[in-house]
Amino acid sequence: MGGDHGPGVTVPAALAALRSHASIKLILVGQRDALVPELQKQRAGESERLSIHHASQLVGMDEPPAQALRTKKDSSMRVAINLVKTGGAQACVSAGNTGALMATARFVLKTLPGIDRPAIIATLPTIQGHVHVLDLGANVDCTAEQLLQFAIMGSILVSSIEDNPSPRVGLLNIGEEDIKGNETVKGAAELLRNSKVNYCGYVEGDEIYTGDMDVVICDGFVGNVALKTSEGLAKMITHFMRQEFRRNIFTKVAGLVSLPVLKSFHRRVDPRRYNGASLAGLNGVVIKSHGGADALAFRYAIEEALNEVNKHFPEQINEKLESMLVKEGVT
């Protein structure tokens with residue numbers, strides 16, 4: 001029910017996911033009188049693989065997380081996460097209020113042993129493929145120990161989902177030299193060097209997109225700023241390219257000739273293909289979709305949930321966390 005578009009996006013995305021994956025079953029959690037008309041609009045209805053679970057309340061996109069947690073116990077968000085806790089579902093996907101989703105998921109599902117706080121991890125495109133970045137906004141202030149936990153969770157995610165046995169981990173900083181950065185970042189670097197994570201040192205902001213790292217670690221304040229800056233830059237480049245190709249008859253012809261290349265470029269950097277951020281560190285799978293996601297983007301968020309369920313992501317974190325904290329007797 002959340003996000004900028006609600007059932008107008010989530011219902012078509014759910015139907016597309018069902019067509020793409022014959023093995024999955026989906027539960028639409030929300031107000032029945034809003035979901036049924038949207039299904040009818042799509043010439044679909046409830047079935048063995050698609051059901052509606054009514055929830056009477058909604059969490060506003062600007063609603064304080066504490067208020068939502070305290071007063072919205074029958075919100076679609078809370079009911080969906082409860083289904084994960086009770087085993088009625090294996091994952092929750094939401095485009096709703098990020099703070100409320102994180103607070104509710106942490107309260108209902110709890111964090112895994114050894115994890116202080118969940119972190120938001122998402123995939124970004126790079127020159128060589130893609131990179132996983134965390135935290136992207138869940139934790140504005142972090143300790144060095146929490147940054148180490150983020151590195152471990154990111155490593156386990158890449159290792160399990162992409163069959164990469166030794167993901168390269170970089171720590172986002174204002175320089176590559178050891179003397180650069182604040183005390184938290186320096187402390188995290190020391191912990192990372194003494195862990196079993198494949199730590200490759202500091203990376204600067206421009207190196208996020210080179211593809212030299214598989215995982216980039218930072219606190220939520222820095223990560224969210226980096227993410228939103230990247231999204232804004234992509235929009236600006238797209239805007240400028242459209243302007244130039246529409247400038248006159250010659251540039252319009254050049255645009256038609258270049259259309260296959262432009263479509264390929266757009267597909268490679270299309271943020272919809274990277275939608276679906278994991279709330280890593282919870283005792284269950286919860287995926288946060290961008291609030292402005294369209295049906296294609298939300299379908300990718302559903303597929304991210306499917307990947308994490310199939311790869312048993314929370315169980316792998318729980319199993320591997322302790323062993324990855326120790327190196328040569330140092331904890």
# chains A, B, ... in the order shown; residues from 1 in each chain; ligands from 1
>>> residues_around(residues="A:Glu177", least_positions_apart="2", cutoff="10 Å", atoms="only C-alpha atoms", output="ChimeraX atom specification")
/A:173-175,179-181,201-203
>>> select_by_dssp(residues="stretch 176-325 of chain A", states="alpha helix (DSSP H)", output="number ranges by chain")
A: 183-193, 220-245, 249-257, 259-269, 295-310, 313-324
>>> closest_residue(among="A:Ala297, A:Ile52, A:Ile156, A:Ile217", to="A:Lys311", atoms="only C-alpha atoms")
A:Ile156
>>> select_by_dssp(residues="stretch 93-269 of chain A", states="strand (DSSP E)", output="VMD selection string")
chain A and resid 93 to 94 119 to 126 129 to 134 169 to 172 199 to 203 215 to 217
>>> write_last_selection(atoms="C-alpha atoms", output="PDB file, in the first residue's frame")
ATOM      1  CA  VAL A  93       8.729  -6.411   0.141  1.00  0.00           C
ATOM      2  CA  SER A  94       7.607  -2.825   0.745  1.00  0.00           C
ATOM      3  CA  ALA A 119      21.762  -2.033   7.503  1.00  0.00           C
ATOM      4  CA  ILE A 120      20.308  -1.137   4.123  1.00  0.00           C
ATOM      5  CA  ILE A 121      22.324  -2.781   1.331  1.00  0.00           C
ATOM      6  CA  ALA A 122      21.689  -2.154  -2.355  1.00  0.00           C
ATOM      7  CA  THR A 123      23.327  -2.875  -5.691  1.00  0.00           C
ATOM      8  CA  LEU A 124      24.779  -0.122  -7.892  1.00  0.00           C
ATOM      9  CA  PRO A 125      26.118  -0.431 -11.454  1.00  0.00           C
ATOM     10  CA  THR A 126      29.869  -0.147 -12.098  1.00  0.00           C
ATOM     11  CA  GLY A 129      29.422  -4.965 -13.414  1.00  0.00           C
ATOM     12  CA  HIS A 130      27.983  -3.916 -10.056  1.00  0.00           C
ATOM     13  CA  VAL A 131      28.856  -3.280  -6.425  1.00  0.00           C
ATOM     14  CA  HIS A 132      26.965  -3.733  -3.152  1.00  0.00           C
ATOM     15  CA  VAL A 133      26.956  -0.676  -0.865  1.00  0.00           C
ATOM     16  CA  LEU A 134      25.872  -0.442   2.777  1.00  0.00           C
ATOM     17  CA  VAL A 169      35.593  -5.112   0.555  1.00  0.00           C
ATOM     18  CA  GLY A 170      36.449  -1.413   0.592  1.00  0.00           C
ATOM     19  CA  LEU A 171      35.815   1.200   3.285  1.00  0.00           C
ATOM     20  CA  LEU A 172      34.542   4.543   1.948  1.00  0.00           C
ATOM     21  CA  TYR A 199      39.495  -6.146   3.159  1.00  0.00           C
ATOM     22  CA  CYS A 200      41.193  -4.187   0.355  1.00  0.00           C
ATOM     23  CA  GLY A 201      41.556  -0.786   2.023  1.00  0.00           C
ATOM     24  CA  TYR A 202      40.025   2.653   1.702  1.00  0.00           C
ATOM     25  CA  VAL A 203      38.102   3.742  -1.395  1.00  0.00           C
ATOM     26  CA  VAL A 215      31.321  -4.417  -1.344  1.00  0.00           C
ATOM     27  CA  VAL A 216      31.701  -0.809  -0.157  1.00  0.00           C
ATOM     28  CA  ILE A 217      31.084   0.041   3.513  1.00  0.00           C
TER      29      ILE A 217
END
>>> residues_around(residues="A:Arg168", least_positions_apart="6", cutoff="6 Å", atoms="only C-alpha atoms", output="list of chain:residue names")
A:Asn198, A:Met213, A:Asp214
>>> write_last_selection(atoms="C-alpha atoms", output="PDB file, in the first residue's frame")
ATOM      1  CA  ASN A 198      38.799  -9.766   2.264  1.00  0.00           C
ATOM      2  CA  MET A 213      35.331  -3.608  -5.108  1.00  0.00           C
ATOM      3  CA  ASP A 214      32.464  -6.024  -4.616  1.00  0.00           C
TER       4      ASP A 214
END
>>> atom_distance(atom1="atom CA of A:Gly154", atom2="atom CA of A:Ile317")
9.4 Å
>>> closest_residue(among="A:Leu15, A:Arg193, A:Cys142, A:Ser76", to="A:Glu46", atoms="only C-alpha atoms")
A:Leu15
>>> closest_residue(among="A:His266, A:Gly45, A:Asp4, A:Asp74", to="A:Val29", atoms="only C-alpha atoms")
A:Asp74
